[in-house]
>>> print(open('input-v4.csv').read())   # CSV, C-alpha atoms
chain,number,residue,atom,x,y,z
S,166,MET,CA,144.2,13.6,-51.1
S,167,VAL,CA,146.0,16.8,-52.2
S,168,LYS,CA,143.0,17.8,-54.2
S,169,ILE,CA,140.6,17.4,-51.4
S,170,LYS,CA,142.9,19.2,-49.0
S,171,ARG,CA,143.0,22.2,-51.3
S,172,VAL,CA,139.2,22.1,-51.7
S,173,ILE,CA,138.8,22.0,-47.9
S,174,ILE,CA,141.1,25.0,-47.5
S,175,SER,CA,139.3,27.0,-50.2
S,176,ASP,CA,135.9,26.1,-48.7
S,177,PHE,CA,137.1,27.0,-45.2
S,178,LEU,CA,138.3,30.5,-46.3
S,179,GLY,CA,135.2,31.1,-48.4
S,180,THR,CA,132.7,29.9,-45.9
S,181,LEU,CA,134.1,31.7,-42.9
S,182,THR,CA,134.5,35.0,-44.9
S,183,VAL,CA,131.0,34.9,-46.3
S,184,SER,CA,129.4,33.9,-43.0
S,185,ALA,CA,131.2,36.7,-41.2
S,186,LEU,CA,130.2,39.2,-43.9
S,187,MET,CA,126.5,38.1,-43.7
S,188,THR,CA,126.5,38.5,-39.9
S,189,TYR,CA,128.1,41.9,-40.3
S,190,THR,CA,125.7,42.9,-43.0
S,191,TYR,CA,122.5,42.1,-41.0
S,192,TRP,CA,123.9,44.2,-38.1
S,193,TYR,CA,125.1,47.1,-40.4
S,194,LEU,CA,121.8,47.3,-42.4
S,195,TYR,CA,119.7,47.5,-39.3
S,196,GLN,CA,122.1,50.0,-37.6
S,197,GLN,CA,121.8,52.2,-40.7
S,198,THR,CA,118.1,51.9,-41.5
S,199,ARG,CA,116.5,50.9,-38.2
S,200,SER,CA,114.1,48.9,-40.4
S,201,GLN,CA,113.1,45.4,-39.5
S,202,ALA,CA,111.5,45.2,-43.0
S,203,VAL,CA,115.0,45.2,-44.6
S,204,ILE,CA,116.1,42.3,-42.3
S,205,SER,CA,112.8,40.5,-43.1
S,206,ILE,CA,113.3,40.8,-46.9
S,207,LEU,CA,116.8,39.5,-46.7
S,208,GLY,CA,115.9,36.6,-44.4
S,209,THR,CA,112.8,35.7,-46.5
S,210,PHE,CA,114.8,35.7,-49.8
S,211,SER,CA,117.7,33.7,-48.3
S,212,MET,CA,115.4,31.1,-46.8
S,213,VAL,CA,113.2,30.8,-49.9
S,214,MET,CA,116.3,30.0,-51.9
S,215,LEU,CA,116.9,27.0,-49.7
S,216,LEU,CA,113.7,25.5,-51.2
S,217,PHE,CA,115.5,25.3,-54.6
S,218,ALA,CA,118.3,23.1,-53.4
S,219,PHE,CA,117.0,20.4,-55.7
S,220,VAL,CA,117.7,22.7,-58.7
S,221,GLY,CA,121.2,23.2,-57.4
S,222,GLY,CA,121.7,19.5,-57.1
S,223,TYR,CA,120.7,19.1,-60.7
S,224,VAL,CA,123.3,21.7,-61.8
S,225,VAL,CA,126.0,20.0,-59.7
S,226,ASP,CA,125.2,16.6,-61.3
S,227,GLN,CA,125.6,18.1,-64.8
S,228,HIS,CA,129.0,19.8,-64.5
S,229,SER,CA,132.5,19.4,-63.2
S,230,LYS,CA,132.6,19.9,-59.4
S,231,ILE,CA,135.9,21.7,-59.4
S,232,ARG,CA,134.9,24.0,-62.2
S,233,LEU,CA,131.8,24.9,-60.4
S,234,LEU,CA,133.8,25.6,-57.2
S,235,GLN,CA,136.2,27.7,-59.1
S,236,GLY,CA,133.4,29.6,-60.8
S,237,ILE,CA,131.5,30.4,-57.6
S,238,ALA,CA,134.7,31.4,-55.7
S,239,THR,CA,135.7,33.7,-58.6
S,240,LEU,CA,132.2,35.3,-58.7
S,241,ARG,CA,132.3,36.0,-55.0
S,242,LEU,CA,135.8,37.5,-55.4
S,243,VAL,CA,134.6,39.8,-58.3
S,244,MET,CA,131.5,40.7,-56.3
S,245,MET,CA,133.5,41.8,-53.3
S,246,GLY,CA,136.0,43.7,-55.4
S,247,CYS,CA,133.3,45.6,-57.4
S,248,GLY,CA,131.2,46.2,-54.3
S,249,GLY,CA,134.3,47.7,-52.6
S,250,LEU,CA,134.9,50.0,-55.5
S,251,ILE,CA,131.3,51.1,-55.6
S,252,VAL,CA,131.4,51.9,-51.9
S,253,LEU,CA,134.6,53.9,-52.2
S,254,THR,CA,133.3,55.8,-55.2
S,255,TRP,CA,129.6,56.4,-54.5
S,256,HIS,CA,129.4,55.6,-50.8
S,257,GLN,CA,126.5,53.2,-51.3
S,258,GLY,CA,127.4,50.8,-48.5
S,259,THR,CA,123.8,49.9,-47.6
S,260,ALA,CA,122.7,49.1,-51.2
S,261,VAL,CA,125.9,47.2,-52.0
S,262,LEU,CA,125.7,45.0,-48.9
S,263,PHE,CA,122.0,44.3,-49.5
S,264,GLY,CA,122.8,43.2,-53.1
S,265,ILE,CA,125.7,41.0,-52.0
S,266,VAL,CA,123.5,39.1,-49.6
S,267,MET,CA,120.9,38.6,-52.3
S,268,VAL,CA,123.4,37.4,-54.9
S,269,ASP,CA,125.2,35.1,-52.5
S,270,ALA,CA,121.8,33.5,-51.6
S,271,LEU,CA,121.4,32.7,-55.3
S,272,LEU,CA,124.9,31.2,-55.4
S,273,GLY,CA,124.1,29.2,-52.3
S,274,VAL,CA,121.4,27.3,-54.3
S,275,VAL,CA,124.3,25.5,-56.1
S,276,TYR,CA,127.0,25.9,-53.5
S,277,GLY,CA,125.2,24.0,-50.8
S,278,PRO,CA,124.7,20.7,-52.8
S,279,LEU,CA,128.1,21.2,-54.4
S,280,THR,CA,130.1,21.1,-51.1
S,281,GLU,CA,128.3,17.9,-50.2
S,282,SER,CA,129.1,16.3,-53.6
S,283,VAL,CA,132.7,17.3,-54.2
S,284,ALA,CA,134.4,14.7,-52.0
S,285,PRO,CA,132.8,11.6,-53.6
S,286,ALA,CA,133.8,13.1,-57.0
S,287,LEU,CA,137.5,13.4,-56.1
S,288,ILE,CA,137.9,10.2,-53.9
S,289,THR,CA,137.1,6.7,-54.9
S,290,ASP,CA,138.3,4.7,-51.9
S,291,ASP,CA,135.6,4.5,-49.2
S,292,SER,CA,138.0,4.5,-46.2
S,293,THR,CA,139.7,7.6,-47.6
S,294,LEU,CA,136.2,9.2,-48.1
S,295,PHE,CA,135.4,8.8,-44.4
S,296,THR,CA,138.8,10.4,-43.5
S,297,ALA,CA,138.0,13.3,-45.9
S,298,ASN,CA,134.6,13.8,-44.4
S,299,SER,CA,136.1,13.9,-40.9
S,300,TRP,CA,138.4,16.7,-42.1
S,301,VAL,CA,135.4,18.6,-43.6
S,302,ALA,CA,133.5,18.3,-40.3
S,303,ALA,CA,136.5,19.5,-38.3
S,304,ALA,CA,137.0,22.4,-40.8
S,305,ASN,CA,133.3,23.4,-40.5
S,306,GLN,CA,133.6,23.5,-36.7
S,307,ILE,CA,136.7,25.7,-36.8
S,308,SER,CA,135.1,27.8,-39.5
S,309,SER,CA,132.1,28.5,-37.4
S,310,ILE,CA,134.2,29.9,-34.6
S,311,ALA,CA,136.6,31.7,-36.9
S,312,SER,CA,133.7,33.4,-38.8
S,313,SER,CA,132.2,34.6,-35.5
S,314,ALA,CA,135.6,36.1,-34.6
S,315,LEU,CA,136.0,37.7,-38.0
S,316,ALA,CA,132.5,39.2,-37.7
S,317,VAL,CA,133.6,40.8,-34.4
S,318,LEU,CA,136.4,42.5,-36.3
S,319,LEU,CA,134.1,43.6,-39.2
S,320,VAL,CA,131.6,45.1,-36.7
S,321,TYR,CA,134.5,46.9,-34.9
S,322,LEU,CA,135.7,48.3,-38.3
S,323,LYS,CA,132.1,49.4,-39.1
S,324,ALA,CA,133.0,50.8,-42.5
S,325,PRO,CA,131.6,48.6,-45.4
S,326,ALA,CA,134.7,49.4,-47.6
S,327,LEU,CA,137.0,47.9,-45.0
S,328,ALA,CA,134.7,44.9,-44.5
S,329,LEU,CA,134.6,44.2,-48.2
S,330,SER,CA,138.4,44.6,-48.4
S,331,VAL,CA,138.9,42.0,-45.8
S,332,ALA,CA,136.5,39.7,-47.6
S,333,PHE,CA,138.2,40.3,-50.9
S,334,LEU,CA,141.6,39.3,-49.5
S,335,ALA,CA,140.3,36.1,-47.9
S,336,LEU,CA,138.4,35.1,-51.1
S,337,ALA,CA,141.5,35.8,-53.2
S,338,LEU,CA,143.3,33.1,-51.1
S,339,SER,CA,140.3,30.8,-51.6
S,340,VAL,CA,140.5,31.2,-55.4
S,341,MET,CA,144.3,30.6,-55.3
S,342,ALA,CA,143.8,27.4,-53.4
S,343,LEU,CA,141.6,26.1,-56.2
S,344,SER,CA,143.6,27.4,-59.1
S,345,ARG,CA,146.0,24.4,-59.4
S,346,ILE,CA,143.5,21.7,-59.0
S,347,GLU,CA,142.9,19.6,-62.1
S,348,SER,CA,139.1,19.5,-62.9
S,349,ASP,CA,137.2,16.4,-62.5
S,350,PRO,CA,135.4,15.3,-65.7
S,351,ALA,CA,131.8,16.5,-66.3
S,352,PRO,CA,129.2,13.7,-66.8
S,353,VAL,CA,129.1,12.4,-70.3
S,354,LYS,CA,125.3,11.8,-70.2
S,355,ARG,CA,123.3,14.8,-69.1
S,356,GLU,CA,119.9,14.5,-67.6
S,357,HIS,CA,117.0,16.9,-67.9
S,358,LEU,CA,115.7,18.6,-64.7
S,359,ALA,CA,112.6,16.5,-64.0
S,360,ILE,CA,110.5,18.9,-61.9
S,361,ARG,CA,107.3,16.8,-62.1
S,362,LYS,CA,109.2,13.7,-60.9
S,363,THR,CA,110.8,15.7,-58.2
S,364,LEU,CA,107.4,17.0,-57.0
S,365,ARG,CA,106.0,13.4,-57.2
S,366,ASP,CA,108.9,12.2,-55.1
S,367,PHE,CA,108.3,15.0,-52.5
S,368,ALA,CA,104.6,14.1,-52.4
S,369,GLN,CA,105.5,10.5,-51.8
S,370,GLY,CA,107.8,11.5,-49.0
S,371,LEU,CA,105.0,13.5,-47.4
S,372,ARG,CA,102.7,10.5,-47.5
S,373,LEU,CA,105.4,8.4,-45.9
S,374,VAL,CA,105.8,11.0,-43.1
S,375,VAL,CA,102.1,11.1,-42.5
S,376,ARG,CA,101.8,7.3,-42.3
S,377,ASN,CA,104.7,7.1,-39.8
S,378,PRO,CA,103.2,7.7,-36.4
S,379,MET,CA,106.4,8.7,-34.7
S,380,ILE,CA,107.6,11.2,-37.3
S,381,SER,CA,104.2,12.7,-37.9
S,382,TYR,CA,103.8,13.3,-34.2
S,383,MET,CA,107.2,15.0,-34.0
S,384,ILE,CA,106.9,17.2,-37.1
S,385,PRO,CA,104.4,19.8,-35.7
S,386,VAL,CA,106.5,20.1,-32.5
S,387,ALA,CA,109.7,20.7,-34.5
S,388,LEU,CA,108.0,23.1,-36.9
S,389,LEU,CA,106.7,25.3,-34.1
S,390,THR,CA,110.1,25.2,-32.4
S,391,ASN,CA,111.8,26.1,-35.6
S,392,PHE,CA,109.4,28.9,-36.3
S,393,GLY,CA,110.0,30.4,-32.9
S,394,TYR,CA,113.7,30.2,-33.2
S,395,TRP,CA,113.9,31.8,-36.7
S,396,SER,CA,111.4,34.6,-35.6
S,397,ILE,CA,113.6,35.4,-32.7
S,398,TRP,CA,116.9,35.1,-34.6
S,399,LEU,CA,115.8,37.6,-37.2
S,400,LEU,CA,114.9,40.1,-34.4
S,401,MET,CA,118.5,39.9,-33.0
S,402,PRO,CA,119.9,42.9,-35.1
S,403,LYS,CA,117.0,45.0,-33.7
S,404,PHE,CA,117.4,43.6,-30.2
S,405,SER,CA,121.2,44.3,-30.1
S,406,VAL,CA,121.1,47.7,-31.7
S,407,ASP,CA,117.9,49.1,-30.1
S,408,ILE,CA,118.2,47.7,-26.6
S,409,PHE,CA,121.9,47.1,-26.1
S,410,ALA,CA,123.2,50.2,-28.0
S,411,ARG,CA,125.7,50.9,-25.1
S,412,TYR,CA,127.2,47.5,-25.7
S,413,PRO,CA,127.9,47.3,-29.5
S,414,PHE,CA,129.5,43.9,-29.2
S,415,VAL,CA,126.3,42.2,-28.2
S,416,TYR,CA,125.3,41.1,-31.7
S,417,ASN,CA,128.7,39.4,-32.0
S,418,LEU,CA,128.3,37.9,-28.6
S,419,ILE,CA,125.1,36.3,-29.7
S,420,ASP,CA,126.8,34.7,-32.8
S,421,ILE,CA,129.8,33.5,-30.8
S,422,THR,CA,127.9,32.0,-27.9
S,423,LEU,CA,125.4,30.2,-30.2
S,424,THR,CA,128.3,28.7,-32.1
S,425,VAL,CA,130.3,27.7,-29.0
S,426,GLY,CA,127.2,26.2,-27.4
S,427,GLY,CA,126.5,24.1,-30.5
S,428,ILE,CA,130.0,22.8,-30.7
S,429,ALA,CA,130.1,22.0,-27.0
S,430,GLY,CA,126.8,20.2,-27.1
S,431,ALA,CA,127.7,18.1,-30.1
S,432,SER,CA,131.1,17.3,-28.7
S,433,LEU,CA,129.8,16.3,-25.2
S,434,PHE,CA,127.0,14.2,-26.7
S,435,SER,CA,129.5,12.3,-28.9
S,436,LYS,CA,131.6,11.4,-25.8
S,437,VAL,CA,128.9,10.6,-23.2
S,438,HIS,CA,126.3,9.1,-25.5
S,439,ARG,CA,125.4,5.5,-24.7
S,440,ALA,CA,123.0,3.3,-26.6
S,441,GLY,CA,119.7,3.1,-24.9
S,442,ALA,CA,120.0,6.4,-23.0
S,443,SER,CA,119.4,9.2,-25.5
S,444,ALA,CA,115.9,9.5,-26.9
S,445,LYS,CA,114.3,10.0,-23.5
S,446,TRP,CA,116.1,13.3,-23.1
S,447,TYR,CA,114.5,14.8,-26.3
S,448,PRO,CA,111.5,16.5,-24.6
S,449,PHE,CA,113.8,18.0,-21.9
S,450,LEU,CA,116.2,19.4,-24.5
S,451,LEU,CA,113.3,21.1,-26.4
S,452,LEU,CA,112.1,22.5,-23.1
S,453,GLY,CA,115.7,23.8,-22.4
S,454,GLN,CA,115.7,25.5,-25.8
S,455,ALA,CA,112.4,27.3,-25.1
S,456,THR,CA,113.5,28.3,-21.6
S,457,MET,CA,116.7,29.9,-23.0
S,458,MET,CA,114.6,32.0,-25.3
S,459,ILE,CA,112.4,33.2,-22.5
S,460,LEU,CA,115.6,34.1,-20.5
S,461,LEU,CA,116.8,36.0,-23.6
S,462,GLY,CA,113.6,38.1,-23.6
S,463,LEU,CA,113.9,38.7,-19.9
S,464,SER,CA,117.4,40.0,-20.4
S,465,GLY,CA,116.0,43.0,-22.3
S,466,ARG,CA,113.2,43.9,-19.9
S,467,THR,CA,115.3,46.4,-17.8
S,468,ASP,CA,117.9,49.1,-18.6
S,469,PRO,CA,120.9,47.1,-19.9
S,470,THR,CA,123.8,46.4,-17.6
S,471,TRP,CA,126.7,44.0,-17.7
S,472,GLY,CA,124.4,41.5,-15.9
S,473,ASN,CA,121.9,41.7,-18.8
S,474,VAL,CA,124.8,41.2,-21.3
S,475,VAL,CA,125.8,38.1,-19.4
S,476,LEU,CA,122.2,36.8,-19.5
S,477,VAL,CA,122.2,37.3,-23.3
S,478,GLY,CA,125.4,35.2,-23.6
S,479,VAL,CA,124.1,32.5,-21.3
S,480,ALA,CA,120.8,32.3,-23.2
S,481,TRP,CA,122.4,31.7,-26.6
S,482,LEU,CA,125.1,29.5,-25.2
S,483,GLY,CA,122.4,27.3,-23.6
S,484,TYR,CA,120.2,27.3,-26.7
S,485,GLY,CA,123.1,26.2,-28.9
S,486,PHE,CA,124.0,23.5,-26.5
S,487,PHE,CA,120.5,22.1,-26.2
S,488,ASN,CA,119.7,22.5,-29.9
S,489,SER,CA,122.8,20.7,-31.2
S,490,ILE,CA,122.0,17.6,-29.1
S,491,SER,CA,118.2,17.6,-29.8
S,492,ALA,CA,118.9,17.9,-33.5
S,493,VAL,CA,121.1,14.8,-33.4
S,494,ILE,CA,118.5,12.8,-31.5
S,495,TYR,CA,115.7,14.0,-33.7
S,496,PHE,CA,117.2,13.0,-37.0
S,497,SER,CA,118.4,9.7,-35.5
S,498,ILE,CA,114.9,8.9,-34.4
S,499,VAL,CA,113.6,9.8,-37.9
S,500,GLN,CA,116.3,7.5,-39.5
S,501,LEU,CA,115.5,4.6,-37.1
S,502,SER,CA,111.7,4.8,-37.6
S,503,ALA,CA,111.8,5.0,-41.4
S,504,ASP,CA,112.0,2.2,-43.8
S,505,LYS,CA,115.6,1.9,-45.0
S,506,ASP,CA,114.7,1.9,-48.7
S,507,LYS,CA,112.5,5.0,-48.2
S,508,ILE,CA,114.9,7.0,-46.0
S,509,GLY,CA,115.9,9.5,-48.7
S,510,LEU,CA,112.3,10.5,-49.5
S,511,ILE,CA,111.4,10.9,-45.8
S,512,ILE,CA,114.5,12.9,-44.9
S,513,GLY,CA,113.9,15.1,-48.0
S,514,ALA,CA,110.3,15.7,-47.1
S,515,VAL,CA,111.2,16.5,-43.5
S,516,LEU,CA,114.0,19.0,-44.5
S,517,THR,CA,111.7,20.7,-47.0
S,518,LEU,CA,109.0,21.1,-44.4
S,519,PHE,CA,111.5,22.8,-42.2
S,520,SER,CA,112.6,25.0,-45.0
S,521,ILE,CA,109.0,26.1,-45.6
S,522,ALA,CA,108.6,27.2,-42.0
S,523,ASN,CA,111.7,29.4,-42.1
S,524,PRO,CA,110.6,32.0,-44.7
S,525,ILE,CA,107.2,32.2,-43.0
S,526,ALA,CA,109.0,33.2,-39.8
S,527,ALA,CA,111.1,35.8,-41.7
S,528,MET,CA,108.0,37.3,-43.3
S,529,VAL,CA,106.1,37.7,-40.0
S,530,SER,CA,109.0,39.3,-38.1
S,531,VAL,CA,107.9,42.8,-39.2
S,532,PRO,CA,104.2,42.6,-38.2
S,533,LEU,CA,105.2,40.8,-34.9
S,534,THR,CA,107.3,43.9,-33.9
S,535,HIS,CA,104.0,45.9,-33.9
S,536,LEU,CA,102.3,43.6,-31.5
S,537,ALA,CA,104.4,44.2,-28.4
S,538,ALA,CA,107.7,45.6,-27.1
S,539,LEU,CA,110.6,43.5,-28.3
S,540,PRO,CA,111.5,41.8,-25.0
S,541,VAL,CA,107.9,40.9,-24.4
S,542,LEU,CA,107.6,39.6,-27.9
S,543,ILE,CA,110.7,37.3,-27.5
S,544,VAL,CA,109.3,36.0,-24.2
S,545,GLY,CA,106.0,35.3,-26.0
S,546,LEU,CA,107.7,33.4,-28.8
S,547,GLY,CA,109.7,31.5,-26.1
S,548,GLY,CA,106.3,30.7,-24.5
S,549,VAL,CA,105.0,29.3,-27.8
S,550,MET,CA,108.0,27.1,-27.9
S,551,VAL,CA,107.3,25.9,-24.4
S,552,LEU,CA,103.7,25.1,-25.4
S,553,ALA,CA,105.0,23.2,-28.4
S,554,THR,CA,106.9,20.8,-26.1
S,555,ILE,CA,103.7,19.7,-24.2
S,556,PRO,CA,102.8,16.9,-26.7
S,557,VAL,CA,106.3,15.4,-26.3
S,558,PHE,CA,105.8,15.0,-22.6
S,559,SER,CA,102.6,13.0,-23.1
S,560,PRO,CA,102.6,9.3,-22.0
S,561,ARG,CA,102.0,8.1,-25.5
S,562,PHE,CA,105.1,9.9,-26.9
S,563,LEU,CA,107.3,8.9,-23.9
S,564,ARG,CA,106.3,5.2,-24.6
S,565,GLU,CA,107.3,5.6,-28.2
S,566,LEU,CA,110.7,7.1,-27.1
S,567,ARG,CA,111.4,4.2,-24.9
S,568,GLN,CA,111.2,1.9,-27.9
S,569,PHE,CA,114.2,3.9,-29.4
S,570,ASP,CA,116.1,3.7,-26.1
S,571,SER,CA,116.6,0.0,-26.8
S,572,GLN,CA,118.2,0.9,-30.2
S,573,GLU,CA,121.4,2.7,-31.2
S,574,VAL,CA,120.5,6.4,-31.4
>>> encode(input="input-v4.csv", output="structure tokens")
Amino acid sequence: MVKIKRVIISDFLGTLTVSALMTYTYWYLYQQTRSQAVISILGTFSMVMLLFAFVGGYVVDQHSKIRLLQGIATLRLVMMGCGGLIVLTWHQGTAVLFGIVMVDALLGVVYGPLTESVAPALITDDSTLFTANSWVAAANQISSIASSALAVLLVYLKAPALALSVAFLALALSVMALSRIESDPAPVKREHLAIRKTLRDFAQGLRLVVRNPMISYMIPVALLTNFGYWSIWLLMPKFSVDIFARYPFVYNLIDITLTVGGIAGASLFSKVHRAGASAKWYPFLLLGQATMMILLGLSGRTDPTWGNVVLVGVAWLGYGFFNSISAVIYFSIVQLSADKDKIGLIIGAVLTLFSIANPIAAMVSVPLTHLAALPVLIVGLGGVMVLATIPVFSPRFLRELRQFDSQEV
């Protein structure tokens, strides 16, 4: 258990640091360039990289998990150190931060599957594995709040050199936590990356999704909701800098309230959830998310005051709350409605469909800003999310939901 504790500590330090730096970078790049195109490029690239998680999974299966963790942590450390030196020497903060986001997105292709695979590689006892996973979940929740707090500090410091220095120190501790861990053995038999087989499996998963009436009915609704969210999220640097320039902390407020709302929703749901009383709330939770986005747009319609700032916080707090619960219910319904021996293919297809919608939202964020004023645009996207909820209030869908209210959701 000592090994897994060190891995959790290292991942905690690395994740909170990189997450905070990414939040700071999006804010800083828009503040310096006033270009939504820059944000769109970064968002699109980062989200496209999510589609290659299967490649990262292949890499993880072929190598020692600890050595991969050590390698990625070291690369991040070197990247922050070199980036800081370049900023201090040539004052190229915008270019350096842009490059760091791109490189870290590439590392994320491997790091995402790696963090989900390391615990089973280090622990053989099932009961201990559940304990370790609970530690990981707790660390992730704390990391989410800590990264938001660190992002506040980085935005307050403003200077990229200082931000990179803070990141360098935290990542140095992350590398040190991994330095004394004995590596797990790499697989003796190495498999080739079977892209054709992977594509066939994905196609089979899509066919299973289409043939499942419940999942196929929910997918378009979830895709539109996801598209609306990501389109709005990538407009937040512009929203906070252009509209709330007098309140420079608004971008951090958005990040913090979304995180706190998500944790509060998941925690409350885990405590009050009862079998047979969950699925029926799914349509109302989707409507709540859409309503919060409309409220967000309305908060920017007038000259900003403290009242408008409070509305921004309430909107994102509410969205995080509703979204965390609806996500749990959604994937529980998917799991319950799928054949147990095909669950992996179906979940993989659903997650990939979601990943496809994200870069599309990132790419259209620039042309969308030319259609209307930003607050009106956000209200419009929130309206699209409201329209997307109409099918889930249909009698047919509500009847389907009642079937799941007799099962454990």
>>> residues_around(input="input-v4.csv", residues="Asp269 of chain S", least_positions_apart="6", cutoff="10 Å", atoms="all atoms listed in the file", output="list in words")
Val183, Met187, Ser211, Ile237, Leu240, Arg241, Met244 and Tyr276 of chain S
>>> closest_residue(input="input-v4.csv", among="S:Leu334, S:Ala492, S:Val167, S:Leu399", to="Gly208 of chain S", atoms="only C-alpha atoms")
S:Leu399
>>> atom_distance(input="input-v4.csv", atom1="atom CA of Leu539 of chain S", atom2="atom CA of Leu207 of chain S")
19.8 Å
>>> residues_around(input="input-v4.csv", residues="segment 402-417 of chain S", least_positions_apart="6", cutoff="8 Å", atoms="only C-alpha atoms", output="list in words")
Tyr191, Trp192, Tyr195, Gln196, Arg199, Gln201, Ser313, Ala316, Val317, Val320, Gly465, Pro469, Val474 and Leu539 of chain S
>>> closest_residue(input="input-v4.csv", among="S:Thr239, S:Thr254, S:Ser497, S:Ser175", to="Tyr447 of chain S", atoms="all atoms listed in the file")
S:Ser497
>>> closest_residue(input="input-v4.csv", among="S:Trp471, S:Phe487, S:Phe333, S:Tyr321", to="Phe434 of chain S", atoms="only C-alpha atoms")
S:Phe487
>>> atom_distance(input="input-v4.csv", atom1="atom CA of Gly483 of chain S", atom2="atom CA of Gly426 of chain S")
6.2 Å
>>> atom_distance(input="input-v4.csv", atom1="atom CA of Leu279 of chain S", atom2="atom CA of Leu242 of chain S")
18.1 Å
>>> closest_residue(input="input-v4.csv", among="S:Leu461, S:Leu194, S:Ala522, S:Met383", to="Ser559 of chain S", atoms="all atoms listed in the file")
S:Met383
>>> closest_atom_pairs(input="input-v4.csv", of="segment 214-324 of chain S", to="segment 169-173 of chain S", cutoff="8 Å", atoms="all atoms listed in the file", output="CSV")
residue,atom,partner,partner_atom,distance
S:Ala284,CA,S:Ile169,CA,6.8
S:Leu287,CA,S:Ile169,CA,6.9
S:Ala297,CA,S:Ile169,CA,7.3
S:Trp300,CA,S:Ile173,CA,7.9
S:Val301,CA,S:Ile173,CA,6.5
S:Ala304,CA,S:Ile173,CA,7.3
>>> axis_aligned_box(input="input-v4.csv", around="segment 192-202 of chain S", padding_each_side="6 Å", output="AutoDock Vina command-line options")
--center_x 118.3 --center_y 48.2 --center_z -40.3 --size_x 25.6 --size_y 20.0 --size_z 17.4
>>> residues_around(input="input-v4.csv", residues="Asn305 of chain S", least_positions_apart="3", cutoff="10 Å", atoms="all atoms listed in the file", output="PyMOL selection string")
chain S and resi 173+176-177+180-181+299-302+308-311
>>> residues_around(input="input-v4.csv", residues="Leu388 of chain S", least_positions_apart="2", cutoff="10 Å", atoms="all atoms listed in the file", output="VMD selection string")
chain S and resid 383 to 386 390 to 394 515 518 to 523 550 553
>>> write_last_selection(input="input-v4.csv", atoms="C-alpha atoms", output="mmCIF file, in the coordinates of the input")
data_model
loop_
_atom_site.group_PDB
_atom_site.id
_atom_site.type_symbol
_atom_site.label_atom_id
_atom_site.label_comp_id
_atom_site.auth_asym_id
_atom_site.auth_seq_id
_atom_site.Cartn_x
_atom_site.Cartn_y
_atom_site.Cartn_z
ATOM 1 C CA MET S 383 107.200 15.000 -34.000
ATOM 2 C CA ILE S 384 106.900 17.200 -37.100
ATOM 3 C CA PRO S 385 104.400 19.800 -35.700
ATOM 4 C CA VAL S 386 106.500 20.100 -32.500
ATOM 5 C CA THR S 390 110.100 25.200 -32.400
ATOM 6 C CA ASN S 391 111.800 26.100 -35.600
ATOM 7 C CA PHE S 392 109.400 28.900 -36.300
ATOM 8 C CA GLY S 393 110.000 30.400 -32.900
ATOM 9 C CA TYR S 394 113.700 30.200 -33.200
ATOM 10 C CA VAL S 515 111.200 16.500 -43.500
ATOM 11 C CA LEU S 518 109.000 21.100 -44.400
ATOM 12 C CA PHE S 519 111.500 22.800 -42.200
ATOM 13 C CA SER S 520 112.600 25.000 -45.000
ATOM 14 C CA ILE S 521 109.000 26.100 -45.600
ATOM 15 C CA ALA S 522 108.600 27.200 -42.000
ATOM 16 C CA ASN S 523 111.700 29.400 -42.100
ATOM 17 C CA MET S 550 108.000 27.100 -27.900
ATOM 18 C CA ALA S 553 105.000 23.200 -28.400
#
>>> closest_residue(input="input-v4.csv", among="S:Val243, S:Lys362, S:Val252, S:Leu234", to="Glu281 of chain S", atoms="all atoms listed in the file")
S:Leu234
>>> build_atoms(input="input-v4.csv", residues="segment 490-498 of chain S", atoms="N, CA and C atoms", output="mmCIF file, in the frame of the given file")
data_model
loop_
_atom_site.group_PDB
_atom_site.id
_atom_site.type_symbol
_atom_site.label_atom_id
_atom_site.label_comp_id
_atom_site.auth_asym_id
_atom_site.auth_seq_id
_atom_site.Cartn_x
_atom_site.Cartn_y
_atom_site.Cartn_z
ATOM 1 N N ILE S 490 122.248 18.959 -29.494
ATOM 2 C CA ILE S 490 122.000 17.600 -29.100
ATOM 3 C C ILE S 490 120.600 17.128 -29.522
ATOM 4 N N SER S 491 119.593 18.000 -29.385
ATOM 5 C CA SER S 491 118.200 17.600 -29.800
ATOM 6 C C SER S 491 118.158 17.341 -31.277
ATOM 7 N N ALA S 492 118.932 18.084 -32.077
ATOM 8 C CA ALA S 492 118.900 17.900 -33.500
ATOM 9 C C ALA S 492 119.474 16.487 -33.874
ATOM 10 N N VAL S 493 120.554 16.084 -33.194
ATOM 11 C CA VAL S 493 121.100 14.800 -33.400
ATOM 12 C C VAL S 493 120.124 13.670 -33.077
ATOM 13 N N ILE S 494 119.489 13.810 -31.909
ATOM 14 C CA ILE S 494 118.500 12.800 -31.500
ATOM 15 C C ILE S 494 117.314 12.778 -32.412
ATOM 16 N N TYR S 495 116.846 13.961 -32.812
ATOM 17 C CA TYR S 495 115.700 14.000 -33.700
ATOM 18 C C TYR S 495 115.879 13.295 -34.984
ATOM 19 N N PHE S 496 116.977 13.606 -35.685
ATOM 20 C CA PHE S 496 117.200 13.000 -37.000
ATOM 21 C C PHE S 496 117.588 11.504 -36.831
ATOM 22 N N SER S 497 118.162 11.141 -35.693
ATOM 23 C CA SER S 497 118.400 9.700 -35.500
ATOM 24 C C SER S 497 117.131 8.953 -35.306
ATOM 25 N N ILE S 498 116.167 9.537 -34.600
ATOM 26 C CA ILE S 498 114.900 8.900 -34.400
ATOM 27 C C ILE S 498 114.158 8.782 -35.791
#
